[in-house]
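K.L.:
I'd like to ask some things about the structure below.
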Amino acid sequence: MRIAYVINTFEGGGAALPIPAIADVFRQCGHDVHVAALSRRNGRAMPHLRHAGLDPVVLGADRAPIARQMAGLDAWVRHVRPTHIWTSLTRATLLGQMVGAWRRIPVVSWQHNAFLLPANLALLRMMKERSRIWVGDSAFVTTLTRKRLALPYSRVMCWPIFRAWPDVAPAPAWRPGEEICIGSLGRLHASKGYDVLCRALVQLRDVPGLPPYRVTIGGEGAEHDRLRGFCLRHGLDNVHFAGYVEDTAAFLRQCHLYVQPSLYEGFCIAAHEAMNMGLPVLGSDVGEMGRSIVDGVTGWKLPPRQPGALARRLEATLRQPEQMAGMGQAAREWVMNSFSARAFSRAGTAILQRMAG
C-alpha cells in the first residue's frame with residue numbers, strides 16, 4: 001500500500017510527534033508512507049519527522065481558507081497517488097474524506113479528541129460513511145468514537161498512540177532532605193486545567209509543616225500570561241513556567257511527581273511518558289488516564305475542576321514523599337507491559353491488514 005498520511009498541523013506534542021513510530025510500523029509491514037499537514041503552525045514536530053527519514057510537506061499557510069486547504073490536499077494526493085488516505089484530527093479527516101471520495105481512494109480516520117465542538121461532531125456524523133475504518137488512539141477514544149458516531153464494532157479499531165521507551169533511564173527517586181519537584185507538560189490551554197492547579201497551590205501556600213517543593217510546567221500557549229499573572233498576584237514563587245520542552249525525558253527526569261489536572265483528555269501522552277519515566281501520576285479521572293492510573297498503586301485519580309480535592313491530595317503526597325518511588329516503579333512497569341513496542345506494532349499491523357483486505 002501507498003499511504004498518504006494527513007494531519008491538521010505539525011505542532012509539537014499531541015498527535016504529530018508519534019508519527020515516526022507510526023511510520024515505522026507502516027514500513028515494517030512493507031508499505032510506503034507520505035506525510036503532510038494542512039498547515040505548519042509552530043512546526044516543532046517537523047525535525048523529528050525528518051530525523052525518522054520522512055519528508056513532511058506543509059500544504060498551505062496557517063489560517064488559509066478551507067477551500068484553499070482542500071485544493072492543496074487534493075493536489076498533494078494527486079502527486080502522491082496513494083492507495084489509501086490516513087487522516088488524523090477532525091479538519092484533516094473531513095477534508096481527507098472529501099478528497100478520498102473525489103479520487104475514489106479509501107480513507108482511514110484516526111480519532112484523538114475526547115471533546116469535539118458540536119459543529120465538528122455533526123459534520124463527522126454526516127460524513128462517517130466516507131471513512132472505511134475509524135481508529136481510536138486509546139481504548140477510551142475508541143469506545144467514545146463508536147458511540148458518538150453510532151458505528152458498528154466492525155468499523156472501529158484501536159491503536160494506542162503511545163509506544164513505551166524501554167531503554168530510557170527512569171527519574172531518580174526522591175531522597176530525604178531534597179526539595180520535592182512536581183512537573184507537568186502540556187499546552188497552556190484552558191482544557192489542560194492549569195488554572196485549577198494554580199488555585200490548588202494557593203490553598204497549599206500557607207499550610208504549615210509541608211516540606212519544600214516546587215512546580216514546573218512545561219509548555220506554551222495562549223494561557224501563559226494569564227497563568228503567570230495569577231501566580232505573581234498570589235505569591236506562588238515556587239511555580240515556574242519552562243516554555244516548550246524539546247526533551248521530555250530530560251524534563252521528567254528532574255521530577256519526583258507528575259500532575260495532569262486536565263478537564264478532558266483522549267490518551268494524554270504526557271502522563272504516560274511520566275509513568276514511563278518512573279513517576280507516580282496525580283491526574284484527572286478523564287480519558288485514558290482514568291484507566292491507566294490505579295489509585296494508590298501508580299498514582300491517584302481526582303475529579304477535574306476541583307482545586308480543593310487537588311490541594312488535599314497534593315498535601316497528603318507531600319507529607320509522605322517516601323511513597324512516590326514505589327508507586328513510580330509500579331507505574332513504569334504498567335506502561336512497559338501495556339504499551340510495549342510489540343503491542344504498538346501488533347495493533348498497527350492489525351489495522352493495516354484490515355486496510356489491505
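Just remember, in the C-alpha cells the first chain shown is A, the second B, etc., residues are 1-based per chain, and ligands are 1-based in the order shown.
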Neighbouring residues of stretch 71-75 of chain A were defined as those with any atom within 9 Å, considering only C-alpha atoms; residues of the same chain fewer than 4 positions away were excluded. Please report them as a ChimeraX atom specification.

P.N.:
/A:6,36-38,59-60,66-67,79-80,95-96,99-100,102-103

K.L.:
Keeping only all heavy atoms, write those residues as a compact mmCIF listing (two decimals), in the first residue's frame.

P.N.:
```
# COMPACT_ATOMS: atom_id res chain seq x y z
N VAL A 6 -2.32 12.44 6.43
CA VAL A 6 -2.56 13.88 6.53
C VAL A 6 -3.08 14.23 7.92
O VAL A 6 -3.94 13.55 8.47
CB VAL A 6 -3.54 14.37 5.44
CG1 VAL A 6 -4.88 13.65 5.53
CG2 VAL A 6 -3.75 15.88 5.51
N ALA A 36 1.80 14.73 5.34
CA ALA A 36 1.55 16.15 5.08
C ALA A 36 0.65 16.72 6.16
O ALA A 36 -0.13 15.99 6.80
CB ALA A 36 0.89 16.33 3.71
N ALA A 37 0.76 18.04 6.37
CA ALA A 37 -0.11 18.77 7.29
C ALA A 37 -0.83 19.86 6.52
O ALA A 37 -0.27 20.47 5.59
CB ALA A 37 0.69 19.37 8.43
N LEU A 38 -2.06 20.13 6.89
CA LEU A 38 -2.82 21.19 6.23
C LEU A 38 -2.14 22.54 6.43
O LEU A 38 -2.17 23.39 5.54
CB LEU A 38 -4.25 21.23 6.77
CG LEU A 38 -5.08 19.96 6.55
CD1 LEU A 38 -6.45 20.12 7.20
CD2 LEU A 38 -5.22 19.63 5.07
N LEU A 59 0.96 21.86 3.39
CA LEU A 59 0.10 22.05 2.23
C LEU A 59 -0.40 23.48 2.05
O LEU A 59 -0.82 23.85 0.96
CB LEU A 59 -1.10 21.11 2.32
CG LEU A 59 -0.75 19.62 2.34
CD1 LEU A 59 -2.00 18.78 2.52
CD2 LEU A 59 -0.02 19.22 1.06
N GLY A 60 -0.35 24.29 3.09
CA GLY A 60 -0.86 25.65 2.94
C GLY A 60 -0.45 26.53 4.10
O GLY A 60 0.12 26.08 5.10
N ILE A 66 -10.65 27.31 3.97
CA ILE A 66 -10.86 25.87 3.85
C ILE A 66 -10.77 25.42 2.39
O ILE A 66 -10.19 24.37 2.08
CB ILE A 66 -12.23 25.48 4.44
CG1 ILE A 66 -12.21 25.67 5.97
CG2 ILE A 66 -12.57 24.03 4.10
CD1 ILE A 66 -11.26 24.75 6.69
N ALA A 67 -11.32 26.22 1.48
CA ALA A 67 -11.28 25.84 0.06
C ALA A 67 -9.84 25.72 -0.43
O ALA A 67 -9.51 24.81 -1.21
CB ALA A 67 -12.05 26.86 -0.77
N HIS A 79 -0.44 14.09 -6.57
CA HIS A 79 1.01 13.93 -6.77
C HIS A 79 1.51 12.61 -6.16
O HIS A 79 2.31 11.89 -6.78
CB HIS A 79 1.74 15.11 -6.14
CG HIS A 79 3.23 14.96 -6.10
ND1 HIS A 79 4.02 15.03 -7.23
CD2 HIS A 79 4.06 14.72 -5.06
CE1 HIS A 79 5.28 14.84 -6.89
NE2 HIS A 79 5.34 14.65 -5.58
N VAL A 80 1.04 12.30 -4.94
CA VAL A 80 1.50 11.10 -4.24
C VAL A 80 0.91 9.83 -4.84
O VAL A 80 1.55 8.78 -4.84
CB VAL A 80 1.15 11.22 -2.73
CG1 VAL A 80 1.40 9.91 -1.99
CG2 VAL A 80 1.96 12.35 -2.09
N LEU A 95 -11.62 16.94 5.36
CA LEU A 95 -11.09 17.25 4.03
C LEU A 95 -10.58 15.99 3.34
O LEU A 95 -10.75 15.82 2.13
CB LEU A 95 -9.97 18.30 4.14
CG LEU A 95 -10.38 19.66 4.72
CD1 LEU A 95 -9.22 20.65 4.59
CD2 LEU A 95 -11.62 20.20 4.06
N GLY A 96 -9.93 15.10 4.11
CA GLY A 96 -9.46 13.85 3.53
C GLY A 96 -10.59 12.99 3.02
O GLY A 96 -10.46 12.32 1.98
N VAL A 99 -11.66 14.51 -0.39
CA VAL A 99 -10.70 14.21 -1.45
C VAL A 99 -10.73 12.72 -1.78
O VAL A 99 -10.66 12.33 -2.95
CB VAL A 99 -9.29 14.66 -1.04
CG1 VAL A 99 -8.24 14.16 -2.02
CG2 VAL A 99 -9.22 16.19 -0.93
N GLY A 100 -10.84 11.88 -0.75
CA GLY A 100 -10.93 10.45 -0.99
C GLY A 100 -12.13 10.09 -1.84
O GLY A 100 -12.05 9.22 -2.72
N TRP A 102 -13.67 12.10 -4.03
CA TRP A 102 -13.42 12.58 -5.40
C TRP A 102 -12.51 11.64 -6.17
O TRP A 102 -12.75 11.35 -7.33
CB TRP A 102 -12.77 13.97 -5.36
CG TRP A 102 -13.62 15.06 -4.82
CD1 TRP A 102 -14.99 15.06 -4.70
CD2 TRP A 102 -13.17 16.31 -4.31
NE1 TRP A 102 -15.41 16.23 -4.13
CE2 TRP A 102 -14.32 17.04 -3.89
CE3 TRP A 102 -11.92 16.90 -4.16
CZ2 TRP A 102 -14.24 18.31 -3.35
CZ3 TRP A 102 -11.84 18.17 -3.63
CH2 TRP A 102 -12.98 18.86 -3.22
N ARG A 103 -11.45 11.17 -5.49
CA ARG A 103 -10.42 10.38 -6.18
C ARG A 103 -10.63 8.87 -6.04
O ARG A 103 -9.82 8.09 -6.52
CB ARG A 103 -9.03 10.75 -5.64
CG ARG A 103 -8.70 12.24 -5.76
CD ARG A 103 -8.67 12.67 -7.20
NE ARG A 103 -8.65 14.14 -7.30
CZ ARG A 103 -8.84 14.80 -8.44
NH1 ARG A 103 -9.07 14.13 -9.56
NH2 ARG A 103 -8.82 16.12 -8.46
```

K.L.:
Hey, what's within 12 Å of A:Arg233 if we count only C-alpha atoms and toss same-chain stuff fewer than 5 positions away? As a list in words, please?

P.N.:
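The residues that qualify are Cys198, Arg199, Val202, Arg226, Leu227 and Arg228 of chain A.
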
K.L.:
Mind dumping the selected residues with C-alpha atoms as a PDB file, in the first residue's frame?

P.N.:
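The new file result_29.pdb reads:
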```
ATOM      1  CA  CYS A 198      -2.681  27.126  40.431  1.00  0.00           C
ATOM      2  CA  ARG A 199      -5.759  27.600  42.622  1.00  0.00           C
ATOM      3  CA  VAL A 202      -2.824  28.874  46.580  1.00  0.00           C
ATOM      4  CA  ARG A 226      -2.862  34.787  32.475  1.00  0.00           C
ATOM      5  CA  LEU A 227      -1.456  31.848  34.461  1.00  0.00           C
ATOM      6  CA  ARG A 228       1.835  33.580  35.165  1.00  0.00           C
TER       7      ARG A 228
END
```

K.L.:
Give me, as a list in words, all polymer residues having an atom no more than 9 Å from stretch 162-166 of chain A, counting only C-alpha atoms and skipping those fewer than 5 positions away in the same chain.

P.N.:
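In the requested format, the answer is Pro18, Ala21, Asp137, Ser138, Phe267, Ile269, His272, Glu273, Asn276, Met277, Val335, Met336, Asn337, Ser338, Phe339, Ser340, Ala341, Arg342, Ala343, Phe344 and Ser345 of chain A.
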
K.L.:
May I have all residues of stretch 187-217 of chain A that DSSP, computed from the backbone, assigns to strand (DSSP E or B), given as JSON, numbers by chain?

P.N.:
{"A": [213, 214, 215, 216, 217]}

K.L.:
For N, CA and C atoms, I'd like the residues from the last selection saved as a short mmCIF file (atom, residue, chain, number, x, y, z; two decimals), in the first residue's frame.

P.N.:
```
data_model
loop_
_atom_site.label_atom_id
_atom_site.label_comp_id
_atom_site.auth_asym_id
_atom_site.auth_seq_id
_atom_site.Cartn_x
_atom_site.Cartn_y
_atom_site.Cartn_z
N TYR A 213 8.90 22.37 48.21
CA TYR A 213 8.56 21.79 46.90
C TYR A 213 8.48 22.90 45.87
N ARG A 214 8.62 22.51 44.62
CA ARG A 214 8.43 23.46 43.52
C ARG A 214 7.68 22.77 42.39
N VAL A 215 7.01 23.57 41.59
CA VAL A 215 6.19 23.07 40.48
C VAL A 215 6.71 23.68 39.19
N THR A 216 7.01 22.84 38.20
CA THR A 216 7.47 23.32 36.89
C THR A 216 6.50 22.84 35.83
N ILE A 217 5.98 23.78 35.06
CA ILE A 217 5.02 23.48 33.99
C ILE A 217 5.71 23.73 32.65
#
```

K.L.:
Set the distance at 8 Å and use only C-alpha atoms: which residues neighbour stretch 284-290 of chain A once local chain neighbours fewer than 2 positions away are removed? I'd like the list as a list in words.

P.N.:
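Returned residues: Ala114, Ser138, Ala139, Phe140, Val141, Gln260, Pro261, Ser262, Leu263, Tyr264, Glu265, Gly266, Phe267, Cys268, Ala271, Leu282, Ser292, Ile293, Lys301, Leu302, Pro303 and Pro304 of chain A.
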
K.L.:
Find the residue from A:Leu232, A:Val196, A:Ala242, A:Leu279 that sits nearest to A:Ala330; use only C-alpha atoms when measuring.

P.N.:
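Of A:Leu232, A:Val196, A:Ala242, A:Leu279, the one nearest A:Ala330 is A:Leu279, counting only C-alpha atoms.
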
K.L.:
Tell me, as a PyMOL selection string, which residues lie within 8 Å of A:Gly219, counting only C-alpha atoms; anything in the same chain fewer than 2 positions away does not count.

P.N.:
chain A and resi 185-188+217+221+241-245

K.L.:
Filtering to all heavy atoms, could you give me those residues as an mmCIF file, in the first residue's frame?

P.N.:
```
data_model
loop_
_atom_site.group_PDB
_atom_site.id
_atom_site.type_symbol
_atom_site.label_atom_id
_atom_site.label_comp_id
_atom_site.auth_asym_id
_atom_site.auth_seq_id
_atom_site.Cartn_x
_atom_site.Cartn_y
_atom_site.Cartn_z
ATOM 1 N N LEU A 185 3.413 18.676 31.857
ATOM 2 C CA LEU A 185 3.684 19.029 30.463
ATOM 3 C C LEU A 185 2.368 19.163 29.710
ATOM 4 O O LEU A 185 1.481 18.310 29.849
ATOM 5 C CB LEU A 185 4.529 17.942 29.783
ATOM 6 C CG LEU A 185 5.999 17.824 30.189
ATOM 7 C CD1 LEU A 185 6.568 16.501 29.688
ATOM 8 C CD2 LEU A 185 6.799 18.990 29.637
ATOM 9 N N GLY A 186 2.251 20.208 28.911
ATOM 10 C CA GLY A 186 1.045 20.338 28.104
ATOM 11 C C GLY A 186 0.900 21.730 27.535
ATOM 12 O O GLY A 186 1.575 22.675 27.942
ATOM 13 N N ARG A 187 0.007 21.843 26.575
ATOM 14 C CA ARG A 187 -0.323 23.169 26.042
ATOM 15 C C ARG A 187 -0.926 24.019 27.147
ATOM 16 O O ARG A 187 -1.702 23.531 27.966
ATOM 17 C CB ARG A 187 -1.339 23.045 24.905
ATOM 18 C CG ARG A 187 -0.802 22.482 23.616
ATOM 19 C CD ARG A 187 -1.893 22.455 22.554
ATOM 20 N NE ARG A 187 -3.044 21.680 22.974
ATOM 21 C CZ ARG A 187 -4.297 22.120 22.959
ATOM 22 N NH1 ARG A 187 -4.567 23.346 22.548
ATOM 23 N NH2 ARG A 187 -5.300 21.338 23.345
ATOM 24 N N LEU A 188 -0.559 25.279 27.156
ATOM 25 C CA LEU A 188 -1.157 26.193 28.137
ATOM 26 C C LEU A 188 -2.495 26.662 27.569
ATOM 27 O O LEU A 188 -2.659 27.763 27.056
ATOM 28 C CB LEU A 188 -0.201 27.357 28.416
ATOM 29 C CG LEU A 188 1.172 26.935 28.948
ATOM 30 C CD1 LEU A 188 1.990 28.155 29.341
ATOM 31 C CD2 LEU A 188 1.056 25.973 30.119
ATOM 32 N N ILE A 217 5.978 23.779 35.056
ATOM 33 C CA ILE A 217 5.021 23.478 33.991
ATOM 34 C C ILE A 217 5.705 23.730 32.654
ATOM 35 O O ILE A 217 6.130 24.853 32.365
ATOM 36 C CB ILE A 217 3.752 24.348 34.127
ATOM 37 C CG1 ILE A 217 3.075 24.085 35.478
ATOM 38 C CG2 ILE A 217 2.792 24.071 32.971
ATOM 39 C CD1 ILE A 217 1.931 25.032 35.784
ATOM 40 N N GLY A 221 1.464 28.427 25.116
ATOM 41 C CA GLY A 221 0.094 28.579 24.661
ATOM 42 C C GLY A 221 -0.518 29.883 25.120
ATOM 43 O O GLY A 221 0.102 30.692 25.816
ATOM 44 N N PHE A 241 7.315 28.466 34.851
ATOM 45 C CA PHE A 241 6.837 28.128 33.516
ATOM 46 C C PHE A 241 8.060 27.980 32.605
ATOM 47 O O PHE A 241 8.759 28.950 32.335
ATOM 48 C CB PHE A 241 5.887 29.206 32.995
ATOM 49 C CG PHE A 241 4.593 29.262 33.763
ATOM 50 C CD1 PHE A 241 4.461 30.076 34.882
ATOM 51 C CD2 PHE A 241 3.519 28.462 33.403
ATOM 52 C CE1 PHE A 241 3.286 30.114 35.618
ATOM 53 C CE2 PHE A 241 2.329 28.486 34.123
ATOM 54 C CZ PHE A 241 2.211 29.317 35.238
ATOM 55 N N ALA A 242 8.305 26.749 32.155
ATOM 56 C CA ALA A 242 9.555 26.419 31.457
ATOM 57 C C ALA A 242 9.485 26.628 29.954
ATOM 58 O O ALA A 242 10.501 26.480 29.270
ATOM 59 C CB ALA A 242 9.934 24.966 31.744
ATOM 60 N N GLY A 243 8.312 26.961 29.406
ATOM 61 C CA GLY A 243 8.197 27.083 27.957
ATOM 62 C C GLY A 243 8.156 25.719 27.298
ATOM 63 O O GLY A 243 8.025 24.675 27.946
ATOM 64 N N TYR A 244 8.263 25.725 25.966
ATOM 65 C CA TYR A 244 8.189 24.463 25.220
ATOM 66 C C TYR A 244 9.362 23.562 25.596
ATOM 67 O O TYR A 244 10.510 24.016 25.677
ATOM 68 C CB TYR A 244 8.212 24.728 23.713
ATOM 69 C CG TYR A 244 8.139 23.452 22.897
ATOM 70 C CD1 TYR A 244 6.939 22.767 22.757
ATOM 71 C CD2 TYR A 244 9.278 22.915 22.296
ATOM 72 C CE1 TYR A 244 6.857 21.597 22.035
ATOM 73 C CE2 TYR A 244 9.204 21.739 21.564
ATOM 74 C CZ TYR A 244 7.995 21.088 21.440
ATOM 75 O OH TYR A 244 7.920 19.908 20.717
ATOM 76 N N VAL A 245 9.073 22.291 25.834
ATOM 77 C CA VAL A 245 10.094 21.325 26.234
ATOM 78 C C VAL A 245 10.396 20.410 25.054
ATOM 79 O O VAL A 245 9.531 19.654 24.596
ATOM 80 C CB VAL A 245 9.624 20.506 27.450
ATOM 81 C CG1 VAL A 245 10.630 19.401 27.770
ATOM 82 C CG2 VAL A 245 9.432 21.410 28.654
#
```

K.L.:
So how many Å separate atom CA of A:Gly30 and atom CA of A:Arg81, to one decimal?

P.N.:
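If I compute the distance from atom CA of A:Gly30 to atom CA of A:Arg81, I get 17.0 Å.
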
K.L.:
Select, from A:Pro170, A:Pro20, A:Gly183, A:Pro82, the residue with the minimum atom-to-atom distance to A:Arg2, counting only C-alpha atoms.

P.N.:
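Between A:Pro170, A:Pro20, A:Gly183, A:Pro82, the residue approaching A:Arg2 most closely is A:Pro82.
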
K.L.:
Among stretch 101-337 of chain A, which residues does DSSP mark as helix (DSSP H, G or I) when it is run on the backbone? Keep the chain and numbering as in the structure and answer as a PyMOL selection string.

P.N.:
chain A and resi 101-103+118-130+139-148+153-155+190-192+194-204+224-233+248-253+269-276+289-292+307-319+321-337

K.L.:
Rank nothing, just name the residue among A:Glu333, A:Leu210, A:Ser184, A:Ile351 nearest to A:Val281, using only C-alpha atoms.

P.N.:
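Of all the options, A:Ser184 lies closest to A:Val281.
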
K.L.:
Nearest to A:Arg291: which of A:Ala52, A:Gly328, A:Glu220, A:Trp334 is it, counting only C-alpha atoms?

P.N.:
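Among the listed residues, the smallest separation from A:Arg291 belongs to A:Trp334.
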
K.L.:
Let me make sure I understand: among A:His256, A:Arg313, A:Arg44, A:Arg104, which one has the smallest atom-to-atom distance to A:Met327 if we use only C-alpha atoms?

P.N.:
A:His256

K.L.:
Given the choices A:Ala173, A:Glu315, A:Tyr194, A:Ala270, which gets closest to A:Gln329 if the distance is worked out from only C-alpha atoms?

P.N.:
A:Ala173
